[in-house]
Amino acid sequence: MMDALQHNTDEFALILAAEECRPEQFDAMHKFSPHDQRIIRKLIAHGPVLLQGGRGSGKSAFFMAASRAMAPRNAQSAVMGLYVSLRYVPLLQATGTDYEKRFCEWVGQQIQKALAHTSYTFLDSYDILQLKNGLSELAIEAEKRVVLLFDDAAHMGRETSLGGFFDIFRTLSSDIVSCKAAIYPGVTEFGTRFDVYNDASVVDVVRYPEQPGFATLFYDIMQARYPLLTEDKVTGFDLPKLAQFLGMTVLGNMRGFIFACNALLEQTDANHTIGYSALGDVLLRLAAAYYWPLLEEVKPKLGRYLPAVEVAQDIAEKIFAACAPTSALSVLIHRALVARYAKPFEILEYVGFITRREASRAMKSGGRGSRFAVNLCNLLERITGSRLTVQLFDAWLSTAGQPVEIHERGEHFADIHVPQPLEGGELEILHKPVETLRKSRAYPYGLPQLKIDLLNKAGIHTIGALAAASDEDLRNLDGVGEVFLDRFRSVVGQAIWM
């Protein structure tokens with residue numbers, strides 16, 4: 001029995017993204033609070049929706065949960081939900097009519113896969129008119145409204161094609177076809193014909209302690225994924241409080257929570273029980289070995305916005321330094337500063353250093369600012385002594401206290417320059433050698449050396465070349481079946497998108 005629990009824990013701990021989860025595992029691994037359920041209902045309901053959230057916030061899980069509640073998986077539903085991943089590298093490299101053609105071909109293929117085990121047919125599409133007509137015919141044939149769930153619609157490093165995507169998004173939307181798309185915070189280049197306030201509803205994937213079911217949600221996830229974390233493994237607090245605290249620590253981010261629990265499990269192996277001191281060590285370890293390295297990891301994915309990473313790091317250090325003296329859970333930053341450093345703030349939200357709680361709030365010194373909650377792992381690093389005490393644990397868990405204010409003319413950002421995008425900057429990640437994808441902390445489900453050697457021998461030397469290789473080309477390699485084909489696609493997806 002213990003071996004089975006250990007296997008279950010090891011397997012679930014390795015799966016960081018909903019896309020990598022086998023369908024039969026989905027319900028066991030994913031839990032949703034009452035607030036989350038409302039988001040899922042909005043994804044199923046009529047009308048266009050943009051689901052906005054940072055890296056690892058659970059956008060894909062929401063989309064998959066919504067699709068599972070609709071036909072064809074749920075034959076009783078009056079709505080047909082088609083999940084379409086846009087993790088297709090040629091789309092990142094295309095613009096104009098080339099983008100439309102590649103988009104329609106790819107989406108048509110994805111819909112055909114989704115309908116593979118049904119009696120419905122969907123013809124190949126080569127332009128937007130064919131795709132729109134095909135969706136209308138499908139809705140009429142099935143006698144169901146169709147919901148298209150476009151995952152990974154936006155990419156942080158390439159915004160030039162978003163105008164093209166949102167033109168298509170708007171064109172496809174009708175009385176019988178509802179489009180939904182997942183985007184990152186700060187993505188504002190929607191094109192000239194798309195009015196985000198009139199053409200779609202924006203739903204933020206934000207989890208915070210005041211939401212109903214927040215504590216229960218993270219405790220349920222801990223129980224489902226980590227059955228070896230039991231009450232006898234902790235001292236000074238119970239597991240529900242621990243789960244709630246970790247959920248707060250990582251700003252409600254699901255992937256951050258999984259990394260935190262993984263680190264916690266390793267700590268129980270070393271210390272047998274977890275108390276305040278050991279829990280503090282886990283937070284510091286996450287800051288040093290997970291969060292700060294994320295800024296380096298995203299650099300090659302940002303293309304022309306690469307210079308913004310260094311500025312984002314400077315801003316993060318200023319924010320944590322400002323919050324440390326009072327152990328403040330949030331910071332209120334003048335809106336002029338947020339606008340001036342828009343891309344660095346977007347990066348910090350993407351990697352989970354901060355998350356926006358209020359878009360506009362009055363500041364004591366005048367003017368208005370945005371309030372951001374801060375990651376407690378990085379904050380603990382800056383607090384004197386870097387120790388998690390009983391008092392600090394209780395204070396943070398109570399969510400009491402006022403935000404620190406950073407003013408437009410204050411000293412905090414005085415020496416931080418505004419980053420300028422590179423001219424024609426390409427995604428550096430596509431030119432990285434396949435050795436980059438070796439199994440490591442950065443790529444926990446990366447590739448073994450034998451498979452990397454196999455790729456090099458076949459002339460596939462870069463991540464871009466691996467991404468562009470067809471399924472047939474990869475299956476023809478020695479020892480590559482469906483399992484490793486999925487592994488190749490998963491690790492490339494992590495390298496470029498996650």
# chains A, B, ... in the order shown; residues from 1 in each chain; ligands from 1
call {"tool": "residues_around", "arguments": {"residues": "range 108-124 of chain A", "least_positions_apart": "3", "cutoff": "10 Å", "atoms": "only C-alpha atoms", "output": "number ranges by chain"}}
result
A: 71-73, 81-86, 102-105, 127, 130-131, 134-135, 137-138, 141-142, 148
call {"tool": "write_last_selection", "arguments": {"atoms": "N, CA and C atoms", "output": "compact mmCIF listing (two decimals), in the first residue's frame"}}
result
# COMPACT_ATOMS: atom_id res chain seq x y z
N ALA A 71 -20.41 18.38 -24.46
CA ALA A 71 -20.27 17.35 -25.47
C ALA A 71 -18.96 17.63 -26.26
N PRO A 72 -18.30 16.60 -26.80
CA PRO A 72 -18.80 15.22 -26.89
C PRO A 72 -18.54 14.37 -25.64
N ARG A 73 -17.73 14.85 -24.70
CA ARG A 73 -17.46 14.02 -23.52
C ARG A 73 -18.72 13.83 -22.68
N GLY A 81 -18.18 21.50 -26.53
CA GLY A 81 -16.96 22.22 -26.19
C GLY A 81 -15.74 21.63 -26.85
N LEU A 82 -15.02 22.43 -27.61
CA LEU A 82 -13.85 21.97 -28.34
C LEU A 82 -12.61 22.68 -27.83
N TYR A 83 -11.74 21.93 -27.14
CA TYR A 83 -10.49 22.48 -26.60
C TYR A 83 -9.46 22.50 -27.72
N VAL A 84 -8.88 23.66 -27.98
CA VAL A 84 -7.90 23.81 -29.06
C VAL A 84 -6.64 24.46 -28.50
N SER A 85 -5.56 23.71 -28.43
CA SER A 85 -4.29 24.27 -28.00
C SER A 85 -3.61 24.97 -29.17
N LEU A 86 -3.17 26.20 -28.94
CA LEU A 86 -2.46 26.94 -29.99
C LEU A 86 -0.93 26.87 -29.78
N ARG A 102 -2.24 29.32 -41.55
CA ARG A 102 -1.70 28.33 -40.59
C ARG A 102 -2.66 28.11 -39.43
N PHE A 103 -3.25 29.21 -38.97
CA PHE A 103 -4.20 29.13 -37.86
C PHE A 103 -5.39 28.25 -38.23
N CYS A 104 -6.00 28.50 -39.37
CA CYS A 104 -7.19 27.76 -39.77
C CYS A 104 -6.87 26.28 -40.00
N GLU A 105 -5.73 26.00 -40.61
CA GLU A 105 -5.33 24.60 -40.82
C GLU A 105 -5.14 23.89 -39.48
N ASP A 127 -8.96 28.84 -44.76
CA ASP A 127 -9.15 30.27 -44.55
C ASP A 127 -10.27 30.46 -43.53
N GLN A 130 -13.91 29.30 -44.50
CA GLN A 130 -14.12 27.86 -44.42
C GLN A 130 -14.26 27.40 -42.97
N LEU A 131 -13.42 27.95 -42.09
CA LEU A 131 -13.47 27.56 -40.69
C LEU A 131 -14.81 27.99 -40.06
N GLY A 134 -17.59 25.80 -41.41
CA GLY A 134 -17.50 24.46 -40.85
C GLY A 134 -18.04 24.39 -39.43
N LEU A 135 -17.75 25.41 -38.63
CA LEU A 135 -18.26 25.45 -37.26
C LEU A 135 -19.78 25.62 -37.23
N GLU A 137 -21.87 24.64 -39.58
CA GLU A 137 -22.45 23.36 -40.02
C GLU A 137 -22.40 22.32 -38.90
N LEU A 138 -21.31 22.32 -38.13
CA LEU A 138 -21.18 21.39 -37.01
C LEU A 138 -22.25 21.67 -35.95
N GLU A 141 -25.57 20.45 -37.33
CA GLU A 141 -25.63 18.98 -37.37
C GLU A 141 -25.81 18.40 -35.96
N ALA A 142 -25.08 18.95 -35.00
CA ALA A 142 -25.14 18.43 -33.63
C ALA A 142 -26.33 18.98 -32.85
N LEU A 148 -15.59 27.23 -28.53
CA LEU A 148 -14.18 27.03 -28.88
C LEU A 148 -13.32 27.57 -27.75
call {"tool": "residues_around", "arguments": {"residues": "Leu422 in chain A", "least_positions_apart": "6", "cutoff": "8 Å", "atoms": "only C-alpha atoms", "output": "PyMOL selection string"}}
result
chain A and resi 303-307
call {"tool": "write_last_selection", "arguments": {"atoms": "C-alpha atoms", "output": "CSV table (one decimal), in the first residue's frame"}}
result
chain,number,residue,atom,x,y,z
A,303,GLY,CA,12.2,37.9,-28.1
A,304,ARG,CA,12.2,41.6,-28.5
A,305,TYR,CA,11.2,42.1,-24.8
A,306,LEU,CA,14.4,40.4,-23.4
A,307,PRO,CA,15.8,43.8,-22.0
call {"tool": "residues_around", "arguments": {"residues": "Ile44 in chain A", "least_positions_apart": "4", "cutoff": "12 Å", "atoms": "only C-alpha atoms", "output": "ChimeraX atom specification"}}
result
/A:37-40,48-49,62-71,77-83,145-149,177-180
call {"tool": "closest_residue", "arguments": {"among": "A:Asp98, A:Glu349, A:Glu231, A:Asp281", "to": "Phe165 in chain A", "atoms": "only C-alpha atoms"}}
result
A:Asp98
call {"tool": "closest_residue", "arguments": {"among": "A:Phe372, A:Tyr184, A:Tyr291, A:Tyr341", "to": "Leu51 in chain A", "atoms": "only C-alpha atoms"}}
result
A:Tyr184
call {"tool": "select_by_dssp", "arguments": {"residues": "range 74-192 of chain A", "states": "helix (DSSP H, G or I)", "output": "ChimeraX atom specification"}}
result
/A:89-92,96-114,128-142,162-172
call {"tool": "write_last_selection", "arguments": {"atoms": "C-alpha atoms", "output": "PDB file, in the first residue's frame"}}
result
ATOM      1  CA  VAL A  89       5.423  27.079 -33.238  1.00  0.00           C
ATOM      2  CA  PRO A  90       4.712  28.160 -36.864  1.00  0.00           C
ATOM      3  CA  LEU A  91       1.990  30.452 -35.478  1.00  0.00           C
ATOM      4  CA  LEU A  92       4.652  32.336 -33.496  1.00  0.00           C
ATOM      5  CA  GLY A  96      -0.853  38.445 -41.963  1.00  0.00           C
ATOM      6  CA  THR A  97      -2.398  36.003 -44.431  1.00  0.00           C
ATOM      7  CA  ASP A  98       0.233  33.380 -43.580  1.00  0.00           C
ATOM      8  CA  TYR A  99      -0.913  33.493 -39.947  1.00  0.00           C
ATOM      9  CA  GLU A 100      -4.582  33.123 -40.935  1.00  0.00           C
ATOM     10  CA  LYS A 101      -3.831  30.133 -43.189  1.00  0.00           C
ATOM     11  CA  ARG A 102      -1.695  28.327 -40.593  1.00  0.00           C
ATOM     12  CA  PHE A 103      -4.201  29.129 -37.860  1.00  0.00           C
ATOM     13  CA  CYS A 104      -7.188  27.757 -39.771  1.00  0.00           C
ATOM     14  CA  GLU A 105      -5.332  24.604 -40.815  1.00  0.00           C
ATOM     15  CA  TRP A 106      -4.137  23.928 -37.268  1.00  0.00           C
ATOM     16  CA  VAL A 107      -7.507  24.622 -35.621  1.00  0.00           C
ATOM     17  CA  GLY A 108      -9.274  22.418 -38.173  1.00  0.00           C
ATOM     18  CA  GLN A 109      -6.904  19.548 -37.365  1.00  0.00           C
ATOM     19  CA  GLN A 110      -7.417  20.026 -33.613  1.00  0.00           C
ATOM     20  CA  ILE A 111     -11.202  19.959 -34.022  1.00  0.00           C
ATOM     21  CA  GLN A 112     -10.966  16.795 -36.117  1.00  0.00           C
ATOM     22  CA  LYS A 113      -8.998  15.137 -33.288  1.00  0.00           C
ATOM     23  CA  ALA A 114     -11.579  16.242 -30.728  1.00  0.00           C
ATOM     24  CA  ILE A 128     -11.365  31.958 -42.006  1.00  0.00           C
ATOM     25  CA  LEU A 129     -14.525  31.649 -44.130  1.00  0.00           C
ATOM     26  CA  GLN A 130     -14.121  27.858 -44.424  1.00  0.00           C
ATOM     27  CA  LEU A 131     -13.474  27.563 -40.688  1.00  0.00           C
ATOM     28  CA  LYS A 132     -16.493  29.711 -39.791  1.00  0.00           C
ATOM     29  CA  ASN A 133     -18.788  27.789 -42.157  1.00  0.00           C
ATOM     30  CA  GLY A 134     -17.496  24.459 -40.854  1.00  0.00           C
ATOM     31  CA  LEU A 135     -18.259  25.454 -37.262  1.00  0.00           C
ATOM     32  CA  SER A 136     -21.753  26.635 -38.199  1.00  0.00           C
ATOM     33  CA  GLU A 137     -22.454  23.359 -40.015  1.00  0.00           C
ATOM     34  CA  LEU A 138     -21.182  21.389 -37.011  1.00  0.00           C
ATOM     35  CA  ALA A 139     -23.470  23.318 -34.660  1.00  0.00           C
ATOM     36  CA  ILE A 140     -26.467  22.688 -36.923  1.00  0.00           C
ATOM     37  CA  GLU A 141     -25.632  18.981 -37.365  1.00  0.00           C
ATOM     38  CA  ALA A 142     -25.138  18.435 -33.627  1.00  0.00           C
ATOM     39  CA  LEU A 162      -2.215  38.948 -31.586  1.00  0.00           C
ATOM     40  CA  GLY A 163      -4.060  41.463 -33.724  1.00  0.00           C
ATOM     41  CA  GLY A 164      -4.536  38.726 -36.322  1.00  0.00           C
ATOM     42  CA  PHE A 165      -5.733  36.260 -33.705  1.00  0.00           C
ATOM     43  CA  PHE A 166      -8.281  38.625 -32.209  1.00  0.00           C
ATOM     44  CA  ASP A 167      -9.607  39.526 -35.661  1.00  0.00           C
ATOM     45  CA  ILE A 168     -10.256  35.803 -36.157  1.00  0.00           C
ATOM     46  CA  PHE A 169     -11.654  35.487 -32.610  1.00  0.00           C
ATOM     47  CA  ARG A 170     -14.154  38.260 -33.341  1.00  0.00           C
ATOM     48  CA  THR A 171     -15.064  36.885 -36.778  1.00  0.00           C
ATOM     49  CA  LEU A 172     -15.769  33.364 -35.514  1.00  0.00           C
TER      50      LEU A 172
END
call {"tool": "closest_residue", "arguments": {"among": "A:Arg475, A:His155, A:Phe488, A:Val234", "to": "Arg438 in chain A", "atoms": "only C-alpha atoms"}}
result
A:Phe488
call {"tool": "residues_around", "arguments": {"residues": "range 446-456 of chain A", "least_positions_apart": "4", "cutoff": "6 Å", "atoms": "only C-alpha atoms", "output": "compact mmCIF listing (two decimals) with N, CA and C atoms, in the first residue's frame"}}
result
# COMPACT_ATOMS: atom_id res chain seq x y z
N LEU A 437 17.11 20.82 -23.08
CA LEU A 437 15.92 20.14 -22.59
C LEU A 437 16.24 18.92 -21.73
N ARG A 438 17.52 18.77 -21.36
CA ARG A 438 17.89 17.64 -20.50
C ARG A 438 17.15 17.74 -19.17
N LYS A 439 16.76 16.59 -18.63
CA LYS A 439 16.04 16.55 -17.35
C LYS A 439 16.84 17.30 -16.29
N ILE A 460 18.48 16.70 -35.64
CA ILE A 460 17.59 17.63 -34.93
C ILE A 460 18.41 18.22 -33.79
N HIS A 461 19.04 19.37 -34.04
CA HIS A 461 20.03 19.91 -33.11
C HIS A 461 19.49 21.03 -32.22
N VAL A 491 7.86 18.64 -23.42
CA VAL A 491 9.02 19.40 -22.98
C VAL A 491 9.28 20.59 -23.90
call {"tool": "residues_around", "arguments": {"residues": "Ser398 in chain A", "least_positions_apart": "2", "cutoff": "12 Å", "atoms": "only C-alpha atoms", "output": "list in words"}}
result
Pro209, Glu210, Lys241, Gln244, Phe245, Met248, Ala328, Leu329, Gln391, Leu392, Phe393, Asp394, Ala395, Trp396, Ala400 and Gly401 of chain A
call {"tool": "select_by_dssp", "arguments": {"residues": "range 20-110 of chain A", "states": "strand (DSSP E)", "output": "list in words"}}
result
Val49, Leu50, Leu51, Gln52, Val79, Met80, Gly81, Leu82, Tyr83, Val84 and Ser85 of chain A
call {"tool": "write_last_selection", "arguments": {"atoms": "N, CA and C atoms", "output": "PDB file, in the first residue's frame"}}
result
ATOM      1  N   VAL A  49     -15.193  35.163 -24.137  1.00  0.00           N
ATOM      2  CA  VAL A  49     -14.525  35.371 -22.848  1.00  0.00           C
ATOM      3  C   VAL A  49     -13.018  35.288 -23.042  1.00  0.00           C
ATOM      4  N   LEU A  50     -12.279  36.192 -22.383  1.00  0.00           N
ATOM      5  CA  LEU A  50     -10.820  36.123 -22.303  1.00  0.00           C
ATOM      6  C   LEU A  50     -10.460  35.734 -20.876  1.00  0.00           C
ATOM      7  N   LEU A  51      -9.824  34.591 -20.710  1.00  0.00           N
ATOM      8  CA  LEU A  51      -9.421  34.097 -19.396  1.00  0.00           C
ATOM      9  C   LEU A  51      -7.972  34.530 -19.161  1.00  0.00           C
ATOM     10  N   GLN A  52      -7.784  35.421 -18.201  1.00  0.00           N
ATOM     11  CA  GLN A  52      -6.486  36.062 -18.002  1.00  0.00           C
ATOM     12  C   GLN A  52      -5.827  35.569 -16.722  1.00  0.00           C
ATOM     13  N   VAL A  79     -24.395  21.819 -25.125  1.00  0.00           N
ATOM     14  CA  VAL A  79     -23.297  22.613 -25.683  1.00  0.00           C
ATOM     15  C   VAL A  79     -22.161  21.681 -26.065  1.00  0.00           C
ATOM     16  N   MET A  80     -21.518  21.946 -27.201  1.00  0.00           N
ATOM     17  CA  MET A  80     -20.345  21.186 -27.612  1.00  0.00           C
ATOM     18  C   MET A  80     -19.101  22.026 -27.345  1.00  0.00           C
ATOM     19  N   GLY A  81     -18.179  21.499 -26.531  1.00  0.00           N
ATOM     20  CA  GLY A  81     -16.963  22.223 -26.186  1.00  0.00           C
ATOM     21  C   GLY A  81     -15.744  21.631 -26.855  1.00  0.00           C
ATOM     22  N   LEU A  82     -15.025  22.432 -27.610  1.00  0.00           N
ATOM     23  CA  LEU A  82     -13.848  21.969 -28.345  1.00  0.00           C
ATOM     24  C   LEU A  82     -12.607  22.685 -27.825  1.00  0.00           C
ATOM     25  N   TYR A  83     -11.740  21.933 -27.140  1.00  0.00           N
ATOM     26  CA  TYR A  83     -10.491  22.482 -26.604  1.00  0.00           C
ATOM     27  C   TYR A  83      -9.457  22.496 -27.722  1.00  0.00           C
ATOM     28  N   VAL A  84      -8.881  23.661 -27.980  1.00  0.00           N
ATOM     29  CA  VAL A  84      -7.895  23.812 -29.059  1.00  0.00           C
ATOM     30  C   VAL A  84      -6.639  24.464 -28.505  1.00  0.00           C
ATOM     31  N   SER A  85      -5.557  23.713 -28.434  1.00  0.00           N
ATOM     32  CA  SER A  85      -4.286  24.273 -28.001  1.00  0.00           C
ATOM     33  C   SER A  85      -3.608  24.972 -29.175  1.00  0.00           C
TER      34      SER A  85
END
call {"tool": "residues_around", "arguments": {"residues": "Ala336 in chain A", "least_positions_apart": "6", "cutoff": "10 Å", "atoms": "only C-alpha atoms", "output": "JSON, numbers by chain"}}
result
{"A": [342, 367, 368, 369, 370, 407, 408, 409]}
